[in-house]
Structure formats: structure tokens, C-alpha cells
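Here is the file protein-v2.pdb (PDB, C-alpha atoms).
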ATOM      1  CA  MET K   1     131.920 -15.590  76.936
ATOM      2  CA  SER K   2     130.919 -11.989  76.305
ATOM      3  CA  SER K   3     131.548 -10.449  72.904
ATOM      4  CA  TRP K   4     134.308  -7.908  72.432
ATOM      5  CA  ALA K   5     133.216  -4.253  72.485
ATOM      6  CA  PRO K   6     135.306  -1.467  70.956
ATOM      7  CA  THR K   7     136.768   1.172  73.257
ATOM      8  CA  LYS K   8     135.056   4.549  73.138
ATOM      9  CA  TYR K   9     137.041   7.770  73.361
ATOM     10  CA  LYS K  10     136.020  11.273  74.335
ATOM     11  CA  THR K  11     137.710  14.520  73.352
ATOM     12  CA  ARG K  12     138.638  16.595  76.400
ATOM     13  CA  ASN K  13     139.832  19.815  74.741
ATOM     14  CA  TRP K  14     136.949  20.651  72.423
ATOM     15  CA  SER K  15     137.281  24.388  73.049
ATOM     16  CA  SER K  16     140.931  24.713  71.984
ATOM     17  CA  TYR K  17     140.618  22.086  69.253
ATOM     18  CA  ASN K  18     137.582  23.814  67.776
ATOM     19  CA  GLU K  19     139.558  27.070  67.676
ATOM     20  CA  ALA K  20     142.448  25.279  65.955
ATOM     21  CA  LEU K  21     140.113  23.879  63.297
ATOM     22  CA  ARG K  22     138.674  27.353  62.721
ATOM     23  CA  ARG K  23     142.154  28.840  62.280
ATOM     24  CA  ARG K  24     143.024  26.191  59.711
ATOM     25  CA  GLY K  25     140.426  27.696  57.383
ATOM     26  CA  SER K  26     141.435  31.295  58.010
ATOM     27  CA  LEU K  27     142.478  33.252  54.907
ATOM     28  CA  SER K  28     144.892  35.457  56.891
ATOM     29  CA  ILE K  29     148.255  34.995  55.187
ATOM     30  CA  TRP K  30     151.194  36.794  56.751
ATOM     31  CA  PHE K  31     154.285  37.850  54.817
ATOM     32  CA  ASP K  32     157.151  38.710  57.148
ATOM     33  CA  PRO K  33     158.878  41.899  55.920
ATOM     34  CA  ASP K  34     162.165  40.478  57.252
ATOM     35  CA  MET K  35     161.797  37.373  55.129
ATOM     36  CA  VAL K  36     164.641  36.767  52.667
ATOM     37  CA  TRP K  37     162.703  37.030  49.413
ATOM     38  CA  VAL K  38     165.753  37.751  47.225
ATOM     39  CA  PRO K  39     168.821  35.658  48.148
ATOM     40  CA  PRO K  40     172.182  37.369  48.729
ATOM     41  CA  PRO K  41     175.123  36.693  46.390
ATOM     42  CA  SER K  42     176.489  33.184  46.898
ATOM     43  CA  GLY K  43     180.007  33.940  45.673
ATOM     44  CA  LYS K  44     179.802  31.229  43.015
ATOM     45  CA  ARG K  45     180.182  31.653  39.294
ATOM     46  CA  GLY K  46     177.108  32.125  37.166
ATOM     47  CA  ARG K  47     173.902  34.028  37.537
ATOM     48  CA  ARG K  48     172.376  33.931  41.005
ATOM     49  CA  HIS K  49     168.750  33.093  41.698
ATOM     50  CA  SER K  50     166.287  35.956  41.643
ATOM     51  CA  PHE K  51     164.156  34.348  44.386
ATOM     52  CA  SER K  52     165.097  32.442  47.516
ATOM     53  CA  ASP K  53     163.945  28.917  48.338
ATOM     54  CA  ALA K  54     161.621  30.405  50.963
ATOM     55  CA  ALA K  55     159.927  32.541  48.307
ATOM     56  CA  ILE K  56     159.473  29.566  45.964
ATOM     57  CA  GLN K  57     158.138  27.395  48.792
ATOM     58  CA  THR K  58     155.669  30.127  49.781
ATOM     59  CA  CYS K  59     154.248  30.289  46.261
ATOM     60  CA  LEU K  60     154.079  26.516  45.902
ATOM     61  CA  THR K  61     152.409  26.222  49.314
ATOM     62  CA  ILE K  62     149.615  28.506  48.141
ATOM     63  CA  LYS K  63     149.404  26.435  44.953
ATOM     64  CA  VAL K  64     148.930  23.219  46.969
ATOM     65  CA  LEU K  65     146.498  24.761  49.463
ATOM     66  CA  PHE K  66     144.104  26.113  46.878
ATOM     67  CA  GLY K  67     144.757  23.631  44.050
ATOM     68  CA  LEU K  68     145.817  26.327  41.591
ATOM     69  CA  PRO K  69     147.779  25.962  38.356
ATOM     70  CA  LEU K  70     151.105  27.762  38.212
ATOM     71  CA  ARG K  71     149.856  30.798  36.285
ATOM     72  CA  GLN K  72     146.918  31.375  38.649
ATOM     73  CA  THR K  73     149.315  30.943  41.588
ATOM     74  CA  THR K  74     151.454  33.770  40.263
ATOM     75  CA  GLY K  75     148.464  36.099  40.025
ATOM     76  CA  PHE K  76     147.187  35.109  43.461
ATOM     77  CA  VAL K  77     150.546  35.765  45.157
ATOM     78  CA  GLU K  78     150.907  39.092  43.336
ATOM     79  CA  SER K  79     147.513  40.254  44.613
ATOM     80  CA  LEU K  80     148.369  39.192  48.170
ATOM     81  CA  LEU K  81     151.633  41.137  48.085
ATOM     82  CA  GLN K  82     149.765  44.215  46.902
ATOM     83  CA  LEU K  83     147.248  43.881  49.741
ATOM     84  CA  VAL K  84     149.973  43.753  52.407
ATOM     85  CA  GLY K  85     151.917  46.600  50.790
ATOM     86  CA  LEU K  86     155.095  44.737  49.802
ATOM     87  CA  ASP K  87     156.791  45.688  46.526
ATOM     88  CA  TRP K  88     158.362  42.289  46.008
ATOM     89  CA  ALA K  89     158.591  40.784  42.550
ATOM     90  CA  VAL K  90     156.662  37.568  41.925
ATOM     91  CA  PRO K  91     158.265  34.587  40.178
ATOM     92  CA  ASP K  92     156.589  33.674  36.910
ATOM     93  CA  PHE K  93     155.167  30.240  36.225
ATOM     94  CA  SER K  94     158.258  28.999  34.367
ATOM     95  CA  THR K  95     160.499  29.950  37.300
ATOM     96  CA  LEU K  96     158.228  28.111  39.741
ATOM     97  CA  CYS K  97     158.177  25.050  37.505
ATOM     98  CA  ARG K  98     161.951  25.021  37.109
ATOM     99  CA  ARG K  99     162.798  25.672  40.773
ATOM    100  CA  GLN K 100     160.292  23.099  42.046
ATOM    101  CA  ARG K 101     162.496  20.314  40.708
ATOM    102  CA  THR K 102     165.475  21.216  42.947
ATOM    103  CA  LEU K 103     163.651  22.816  45.875
ATOM    104  CA  ASN K 104     164.780  21.899  49.394
ATOM    105  CA  VAL K 105     161.491  21.994  51.293
ATOM    106  CA  ASP K 106     161.735  23.124  54.917
ATOM    107  CA  LEU K 107     159.774  20.672  57.125
ATOM    108  CA  SER K 108     159.262  22.541  60.369
ATOM    109  CA  TYR K 109     158.252  20.670  63.513
ATOM    110  CA  ARG K 110     158.020  21.353  67.243
ATOM    111  CA  GLY K 111     159.508  18.105  68.535
ATOM    112  CA  SER K 112     158.455  15.910  71.446
ATOM    113  CA  THR K 113     159.429  16.380  75.083
ATOM    114  CA  GLY K 114     161.078  12.971  75.491
ATOM    115  CA  PRO K 115     162.460  10.256  73.241
ATOM    116  CA  LEU K 116     160.901  10.101  69.803
ATOM    117  CA  ASN K 117     158.393   7.301  69.251
ATOM    118  CA  LEU K 118     158.271   6.951  65.479
ATOM    119  CA  LEU K 119     155.279   5.472  63.644
ATOM    120  CA  VAL K 120     155.998   4.471  60.029
ATOM    121  CA  ASP K 121     153.773   3.452  57.137
ATOM    122  CA  SER K 122     153.367   3.928  53.394
ATOM    123  CA  THR K 123     150.591   4.499  50.885
ATOM    124  CA  GLY K 124     150.149   5.095  47.182
ATOM    125  CA  ILE K 125     148.923   8.222  45.427
ATOM    126  CA  LYS K 126     147.991   8.560  41.769
ATOM    127  CA  ALA K 127     150.415  10.451  39.557
ATOM    128  CA  GLU K 128     149.059   9.895  36.048
ATOM    129  CA  GLY K 129     146.072   8.219  34.419
ATOM    130  CA  GLU K 130     142.309   8.408  34.480
ATOM    131  CA  GLY K 131     140.169   8.013  37.570
ATOM    132  CA  GLU K 132     138.652   4.734  38.689
ATOM    133  CA  TRP K 133     135.205   5.359  37.213
ATOM    134  CA  ASN K 134     136.410   6.735  33.881
ATOM    135  CA  ALA K 135     138.912   3.916  33.415
ATOM    136  CA  ARG K 136     136.279   1.277  34.088
ATOM    137  CA  LYS K 137     133.611   2.959  31.952
ATOM    138  CA  HIS K 138     135.609   4.080  28.919
ATOM    139  CA  GLY K 139     139.062   2.617  29.386
ATOM    140  CA  GLY K 140     141.965   4.894  30.204
ATOM    141  CA  PRO K 141     144.087   6.191  27.323
ATOM    142  CA  LYS K 142     147.223   5.099  29.162
ATOM    143  CA  ARG K 143     148.086   3.023  32.179
ATOM    144  CA  ARG K 144     147.844   4.641  35.569
ATOM    145  CA  ILE K 145     151.063   5.523  37.393
ATOM    146  CA  TRP K 146     151.305   5.652  41.184
ATOM    147  CA  ARG K 147     153.849   7.076  43.579
ATOM    148  CA  LYS K 148     154.516   5.614  46.989
ATOM    149  CA  ILE K 149     154.747   7.842  50.042
ATOM    150  CA  HIS K 150     156.719   6.614  53.061
ATOM    151  CA  ILE K 151     156.354   8.712  56.217
ATOM    152  CA  GLY K 152     157.297   8.553  59.869
ATOM    153  CA  ILE K 153     155.375  10.614  62.418
ATOM    154  CA  ASP K 154     155.957  11.548  66.032
ATOM    155  CA  GLU K 155     153.481   9.677  68.222
ATOM    156  CA  GLU K 156     153.237  12.545  70.717
ATOM    157  CA  THR K 157     152.843  15.571  68.440
ATOM    158  CA  LEU K 158     151.533  13.726  65.326
ATOM    159  CA  GLU K 159     153.970  15.733  63.200
ATOM    160  CA  VAL K 160     155.704  14.174  60.207
ATOM    161  CA  ARG K 161     159.406  13.835  60.947
ATOM    162  CA  ALA K 162     160.540  11.904  57.867
ATOM    163  CA  VAL K 163     159.162  11.441  54.356
ATOM    164  CA  GLU K 164     160.376   9.569  51.275
ATOM    165  CA  VAL K 165     158.782   9.276  47.821
ATOM    166  CA  THR K 166     159.462   6.327  45.528
ATOM    167  CA  SER K 167     157.905   4.552  42.579
ATOM    168  CA  SER K 168     155.195   1.978  43.210
ATOM    169  CA  ASN K 169     157.539  -1.013  42.778
ATOM    170  CA  ILE K 170     159.629  -0.171  45.856
ATOM    171  CA  GLY K 171     158.724  -2.060  49.020
ATOM    172  CA  ASP K 172     158.249  -0.672  52.519
ATOM    173  CA  ALA K 173     161.186  -2.357  54.248
ATOM    174  CA  PRO K 174     164.042  -0.894  52.120
ATOM    175  CA  MET K 175     162.908   2.646  52.926
ATOM    176  CA  LEU K 176     162.900   2.357  56.732
ATOM    177  CA  PRO K 177     166.665   2.998  57.062
ATOM    178  CA  GLU K 178     166.222   6.055  54.806
ATOM    179  CA  LEU K 179     163.488   7.384  57.089
ATOM    180  CA  LEU K 180     165.660   6.870  60.165
ATOM    181  CA  ASN K 181     168.538   8.724  58.485
ATOM    182  CA  GLN K 182     166.338  11.833  58.319
ATOM    183  CA  ILE K 183     166.124  11.900  62.120
ATOM    184  CA  PRO K 184     169.079  13.853  63.580
ATOM    185  CA  ASN K 185     171.709  11.698  65.266
ATOM    186  CA  ASP K 186     171.380  13.641  68.515
ATOM    187  CA  GLN K 187     167.641  12.825  68.668
ATOM    188  CA  ASP K 188     166.878   9.904  70.989
ATOM    189  CA  ILE K 189     164.487   7.392  69.433
ATOM    190  CA  GLY K 190     162.464   5.367  71.920
ATOM    191  CA  SER K 191     160.596   3.027  69.595
ATOM    192  CA  VAL K 192     159.793   2.448  65.935
ATOM    193  CA  THR K 193     156.363   0.974  65.169
ATOM    194  CA  GLY K 194     155.475  -0.534  61.807
ATOM    195  CA  ASP K 195     153.427  -3.331  60.280
ATOM    196  CA  GLY K 196     154.634  -6.804  59.284
ATOM    197  CA  ALA K 197     156.175  -5.554  56.035
ATOM    198  CA  TYR K 198     159.098  -4.170  58.092
ATOM    199  CA  ASP K 199     159.918  -7.590  59.626
ATOM    200  CA  THR K 200     163.308  -7.896  57.918
ATOM    201  CA  ARG K 201     166.887  -8.079  59.136
ATOM    202  CA  LYS K 202     167.855  -4.711  57.682
ATOM    203  CA  CYS K 203     164.952  -2.968  59.403
ATOM    204  CA  HIS K 204     165.643  -4.524  62.793
ATOM    205  CA  ASP K 205     169.362  -3.813  62.500
ATOM    206  CA  ALA K 206     168.701  -0.193  61.517
ATOM    207  CA  ILE K 207     166.388   0.260  64.514
ATOM    208  CA  ALA K 208     168.875  -1.399  66.877
ATOM    209  CA  ALA K 209     171.645   0.860  65.541
ATOM    210  CA  ARG K 210     169.663   3.858  66.850
ATOM    211  CA  ASN K 211     169.229   2.142  70.255
ATOM    212  CA  ALA K 212     165.466   2.014  69.690
ATOM    213  CA  HIS K 213     162.854  -0.624  70.443
ATOM    214  CA  ALA K 214     161.126  -2.234  67.457
ATOM    215  CA  VAL K 215     157.361  -2.761  67.656
ATOM    216  CA  ILE K 216     156.909  -4.881  64.534
ATOM    217  CA  PRO K 217     154.629  -7.945  64.511
ATOM    218  CA  PRO K 218     156.432 -11.106  63.371
ATOM    219  CA  ARG K 219     154.993 -12.920  60.408
ATOM    220  CA  LYS K 220     152.611 -15.823  61.072
ATOM    221  CA  ASN K 221     155.222 -18.379  59.999
ATOM    222  CA  ALA K 222     158.095 -16.496  61.648
ATOM    223  CA  LYS K 223     161.025 -18.524  62.928
ATOM    224  CA  PRO K 224     163.840 -17.287  65.168
ATOM    225  CA  TRP K 225     166.917 -15.889  63.462
ATOM    226  CA  LYS K 226     170.486 -16.655  64.306
ATOM    227  CA  PRO K 227     171.332 -14.107  67.038
ATOM    228  CA  SER K 228     174.193 -12.528  65.130
ATOM    229  CA  SER K 229     173.141  -8.924  65.794
ATOM    230  CA  ALA K 230     171.246  -6.839  68.322
ATOM    231  CA  GLY K 231     168.346  -6.493  65.897
ATOM    232  CA  ALA K 232     168.032 -10.270  65.508
ATOM    233  CA  ILE K 233     168.028 -10.757  69.283
ATOM    234  CA  ALA K 234     165.243  -8.206  69.760
ATOM    235  CA  ARG K 235     163.242  -9.775  66.946
ATOM    236  CA  ASN K 236     163.581 -13.262  68.473
ATOM    237  CA  GLU K 237     162.218 -11.920  71.748
ATOM    238  CA  ALA K 238     159.163 -10.585  69.882
ATOM    239  CA  VAL K 239     158.668 -13.976  68.196
ATOM    240  CA  ASN K 240     158.770 -15.802  71.533
ATOM    241  CA  ALA K 241     156.442 -13.293  73.197
ATOM    242  CA  SER K 242     153.968 -13.518  70.313
ATOM    243  CA  ARG K 243     153.929 -17.317  70.526
ATOM    244  CA  TYR K 244     153.496 -17.315  74.305
ATOM    245  CA  LEU K 245     150.859 -14.586  74.577
ATOM    246  CA  GLY K 246     149.139 -14.928  71.213
ATOM    247  CA  ARG K 247     149.178 -12.342  68.435
ATOM    248  CA  ALA K 248     146.126 -10.422  69.701
ATOM    249  CA  ILE K 249     147.395 -10.059  73.282
ATOM    250  CA  TRP K 250     150.916  -9.266  72.067
ATOM    251  CA  ARG K 251     149.609  -6.344  70.006
ATOM    252  CA  GLN K 252     147.836  -4.873  73.021
ATOM    253  CA  TRP K 253     150.796  -5.507  75.319
ATOM    254  CA  SER K 254     153.327  -3.948  72.942
ATOM    255  CA  GLY K 255     151.176  -0.936  72.003
ATOM    256  CA  TYR K 256     151.135  -1.900  68.330
ATOM    257  CA  HIS K 257     147.707  -0.330  67.815
ATOM    258  CA  ARG K 258     149.295   3.120  68.058
ATOM    259  CA  ARG K 259     150.200   2.610  64.396
ATOM    260  CA  SER K 260     146.644   3.621  63.451
ATOM    261  CA  ARG K 261     147.703   7.237  63.979
ATOM    262  CA  VAL K 262     150.064   7.167  61.026
ATOM    263  CA  GLU K 263     147.301   5.681  58.867
ATOM    264  CA  THR K 264     145.131   8.648  59.834
ATOM    265  CA  LYS K 265     147.960  10.983  58.811
ATOM    266  CA  MET K 266     148.112   9.262  55.424
ATOM    267  CA  HIS K 267     144.414   9.973  55.010
ATOM    268  CA  CYS K 268     145.107  13.656  55.754
ATOM    269  CA  VAL K 269     147.754  13.738  53.006
ATOM    270  CA  LYS K 270     145.210  12.478  50.494
ATOM    271  CA  LEU K 271     142.582  14.962  51.669
ATOM    272  CA  MET K 272     144.750  17.639  50.044
ATOM    273  CA  GLY K 273     144.292  15.873  46.702
ATOM    274  CA  GLN K 274     143.772  12.321  45.529
ATOM    275  CA  SER K 275     146.324  12.784  42.752
ATOM    276  CA  LEU K 276     149.449  14.819  42.036
ATOM    277  CA  MET K 277     149.438  17.832  39.738
ATOM    278  CA  ALA K 278     153.131  17.614  38.802
ATOM    279  CA  ARG K 279     154.199  15.262  36.016
ATOM    280  CA  ASP K 280     157.962  15.122  36.632
ATOM    281  CA  PHE K 281     159.171  12.826  39.450
ATOM    282  CA  ASP K 282     161.375  15.429  41.141
ATOM    283  CA  ARG K 283     158.539  17.956  41.081
ATOM    284  CA  GLN K 284     156.188  15.333  42.487
ATOM    285  CA  VAL K 285     158.576  14.807  45.398
ATOM    286  CA  ALA K 286     158.565  18.530  46.138
ATOM    287  CA  GLU K 287     154.762  18.651  45.910
ATOM    288  CA  ILE K 288     154.386  15.856  48.447
ATOM    289  CA  GLN K 289     156.931  17.447  50.775
ATOM    290  CA  ILE K 290     155.025  20.738  50.643
ATOM    291  CA  ARG K 291     151.833  18.879  51.549
ATOM    292  CA  VAL K 292     153.617  17.422  54.546
ATOM    293  CA  ALA K 293     154.893  20.867  55.567
ATOM    294  CA  VAL K 294     151.333  22.247  55.407
ATOM    295  CA  LEU K 295     150.047  19.364  57.540
ATOM    296  CA  ASN K 296     152.725  20.045  60.149
ATOM    297  CA  ARG K 297     151.570  23.660  60.318
ATOM    298  CA  TYR K 298     147.991  22.479  60.739
ATOM    299  CA  THR K 299     149.026  20.079  63.499
ATOM    300  CA  ALA K 300     150.937  22.815  65.319
ATOM    301  CA  LEU K 301     147.724  24.823  65.645
ATOM    302  CA  GLY K 302     146.170  22.139  67.841
ATOM    303  CA  ILE K 303     145.256  18.453  68.009
ATOM    304  CA  PRO K 304     142.494  16.667  69.926
ATOM    305  CA  VAL K 305     143.271  15.238  73.367
ATOM    306  CA  THR K 306     141.234  12.067  73.873
ATOM    307  CA  GLU K 307     140.914   9.482  76.626
ATOM    308  CA  ALA K 308     139.132   6.178  76.901
ATOM    309  CA  VAL K 309     135.723   6.319  78.589
ATOM    310  CA  GLY K 310     134.545   2.734  78.140
TER     311      GLY K 310
END

Translate this file's structure into C-alpha cells.
Amino acid sequence: MSSWAPTKYKTRNWSSYNEALRRRGSLSIWFDPDMVWVPPPSGKRGRRHSFSDAAIQTCLTIKVLFGLPLRQTTGFVESLLQLVGLDWAVPDFSTLCRRQRTLNVDLSYRGSTGPLNLLVDSTGIKAEGEGEWNARKHGGPKRRIWRKIHIGIDEETLEVRAVEVTSSNIGDAPMLPELLNQIPNDQDIGSVTGDGAYDTRKCHDAIAARNAHAVIPPRKNAKPWKPSSAGAIARNEAVNASRYLGRAIWRQWSGYHRRSRVETKMHCVKLMGQSLMARDFDRQVAEIQIRVAVLNRYTALGIPVTEAVG
């Protein structure tokens, strides 16, 4: 019996993809003169905000992109506004710090042409504490704290469509319904792909409630459930198919290996920083959401188109 050989892929759009990668590093930053920098009166009691959410998100995006502290971010944005000839005021560092806690980050995306095939996964990112080497060499002054990032991406466009941030003691399965709630109700979901951690009744029921197909590998000791819901029936079919075909063939037949794309997206999130700069949980959530928004802008510039060659 011949040994298994991995499939090789070749990129077919090197010209456009190379241009997209070049544009990702461009320093051309455009400020739209029609952008609402100062919000209009809201009609509510109390003092209104001096800067809109779009203005705060713009400043924090530059902070995340270049890894700047808040004070340096203020000076950088002020110099950019002077270069483009806009006489807009710049929020100071205390305003950015205060507004980051309650900021509603706008996650723009293009959307797929057909039903949404959602790929979900989670990873941890360091929030506080010393690095691995320093903690092992000298001992950290305090225990390290991690945050858990749960994301769901579109298989076709590779854009992040849903993101949740929790503490490190929250599992993957309880957050899947929260991710699905971020998808608009009028958006058709074709399938939801996740690893074995999502093999629970609540996850299968939440996927079945959106009329989607679950691509979740059953556990090795999985037994059929009582078919009391549509999610349990679909899960029992996966258990029977996995037993009949074998786990390896079932993964190829079901397309489970597509989940590697969301793992690659997690790696891209960490390329923008292995740890978080914010120390407050709400500000950390906004920082991660801004990272996701930047990645969606990067993805919109162009992605590689590959095909199997052997």
C-alpha cells in the first residue's frame, strides 16, 4: 500500500494577489471630508459627545495598526489631518481611553454570493503577565491572564462575520449560539463547521434553528441521542456516517478540512500583536474587534485563489 502524500496547491492569481499585498503596506490614509467627525445633537439630556464613533474608531485603528500608545496616536492623527488639510479637532488620550470602553465597532464585510458557510473556532491571546521566556527564567511578578477569542468566518470571502471575546474559563460550545445571533436573520446559512468541542445539544439545536447543516465531528465515544429535536437527528446521522465510513473518510466526505481556514485567520489576528495593550476587559473587547475590522479591510483588497495540482 502506497504512503499518503499531501495535496499540493498552486496560486492562480499571483498578479492581483501581489498587488493586494503591496496595498496592505501602503501608507496612504484617506480621510473623507464628508465623514461625520463631530456627531449631531442627539436630543437627549446631558452633554453630547465631541467626537463620533467613526472618529474614535479611526484613531484606535491607527493605534492598532502601528502599535502606538494613546498619546502618540493623538499626535500621529493630528499630523495626518494637517497633511490632508482638514481642520478637525483630535481627541486627546483620555477621551480615546474612555470612549474605547463603550465603542460600537463597525465590522464591514462584502458578503458571499450564496448561502453563508460559517467556519468557527477559538483561540487564546495574552492580556496580562510576562512573556514565556521571562516567566520561565525569572518568574513572573503575577500570574498571566488570557482572553479567549471566538470567531466565525465566511468560507468564500474569508471575512470575519462574528466575533466574541470571553475570559479563558469559558468553553467553545456555549459561545456558538452567540456567534450565530450576530448573523442577520435574513442571511441564509448553508453550513456551520467546527471541531469536536461543538458536539453538544445546544450547538446542534442552534444550527438546526437556522436551517443550516452542521459539519462537526462526533466524539470518539459518541452514542446516538434521543431524536427529540432536528439537531439531534442531524447529529445521529453524522454518528452513523462516521461509524460506517471511518473518521478519516468522513472528514474528507463532509468537507471538514475547510476548518483550517479559520485557524489561519486566527494566526492573522495574532500577527497584529501577541498580546493586548488594553488592561480593562471592555477596552480589550474593542481592541480585538478593531483588529478584526482591519483584517476584513485587508481581505477585501484581495485573497489568493488556489487549486489542487497534485

message = Give me, as number ranges by chain, all polymer residues having an atom no more than 10 Å from Met175 (chain K), counting all atoms listed in the file and skipping those fewer than 6 positions away in the same chain.
response = K: 122, 150-151, 163-166, 181, 198, 203

Output for the residues just chosen: C-alpha atoms as a short mmCIF file (atom, residue, chain, number, x, y, z; two decimals), keeping the file's coordinate frame:
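What landed in again_21.cif:
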data_model
loop_
_atom_site.label_atom_id
_atom_site.label_comp_id
_atom_site.auth_asym_id
_atom_site.auth_seq_id
_atom_site.Cartn_x
_atom_site.Cartn_y
_atom_site.Cartn_z
CA SER K 122 153.37 3.93 53.39
CA HIS K 150 156.72 6.61 53.06
CA ILE K 151 156.35 8.71 56.22
CA VAL K 163 159.16 11.44 54.36
CA GLU K 164 160.38 9.57 51.28
CA VAL K 165 158.78 9.28 47.82
CA THR K 166 159.46 6.33 45.53
CA ASN K 181 168.54 8.72 58.48
CA TYR K 198 159.10 -4.17 58.09
CA CYS K 203 164.95 -2.97 59.40
#

query = Do you know which residues the PyMOL selection byres ((chain K and resi 147) around 12) returns on this file, as a ChimeraX atom specification?
reply = /K:122-128,144-146,148-150,164-171,274-276,278-282,284-285,287-288

request  = Any chance you could resolve the PyMOL selection byres ((chain K and resi 227-233) around 7) against this file and give the residues as a list in words?
outcome  =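 This file, filtered by the PyMOL selection byres ((chain K and resi 227-233) around 7), leaves Arg201, His204, Asp205, Ala208, Trp225, Lys226, Ala234, Arg235, Asn236 and Glu237 of chain K.
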
key: Separation of CA of Gln252 (chain K) from CA of Pro224 (chain K) in Å   =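 Distance between the two atoms: 21.7 Å.
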
At a cut-off of 6 Å from (148.1, 10.8, 64.7) in the coordinates of the file, what residues are picked up using all atoms listed in the file, written as a PDB file with C-alpha atoms, in the frame of the given file?
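File point-v9.pdb, as written:
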ATOM      1  CA  LEU K 158     151.533  13.726  65.326  1.00  0.00           C
ATOM      2  CA  ARG K 261     147.703   7.237  63.979  1.00  0.00           C
ATOM      3  CA  VAL K 262     150.064   7.167  61.026  1.00  0.00           C
ATOM      4  CA  LYS K 265     147.960  10.983  58.811  1.00  0.00           C
TER       5      LYS K 265
END

query = Residues at most 9 Å from Leu65 (chain K), counting only C-alpha atoms, excluding those fewer than 4 positions away in the same chain, as a list of chain:residue names?
reply =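 Skipping anything fewer than 4 positions along the chain leaves K:Leu60, K:Thr61, K:Met272, K:Arg291, K:Val294.
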
Please report as a Markdown table every residue of region 44-69 of chain K lying within 10 Å of region 86-90 of chain K, along with the nearest atom pair and their distance in Å (one decimal), using only C-alpha atoms.
| residue | atom | partner | partner_atom | distance |
| --- | --- | --- | --- | --- |
| K:Ser50 | CA | K:Ala89 | CA | 9.1 |
| K:Phe51 | CA | K:Val90 | CA | 8.5 |
| K:Ala55 | CA | K:Val90 | CA | 8.8 |
| K:Ile56 | CA | K:Val90 | CA | 9.4 |
| K:Cys59 | CA | K:Val90 | CA | 8.8 |

inquiry  = For a cutoff of 10 Å around the file-coordinate point (156.3, 16.8, 72.7), which residues qualify once you count only C-alpha atoms? I'd like the result as a list in words.
reply    =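 Nearby residues: Arg110, Gly111, Ser112, Thr113, Gly114, Pro115, Leu116, Asp154, Glu155, Glu156, Thr157, Leu158 and Glu159 of chain K.
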
request  = Excluding Ser52 (chain K) and any residue of its chain fewer than 5 positions from it, enumerate the residues within 6 Å of it, using only C-alpha atoms, and give them as a PyMOL selection string.
outcome  = chain K and resi 37-39

ask   = To one decimal place, how far is CA of Glu78 (chain K) from CA of Ala54 (chain K) in Å?
value =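 Pair CA of Glu78 (chain K) / CA of Ala54 (chain K) returns 15.8 Å.
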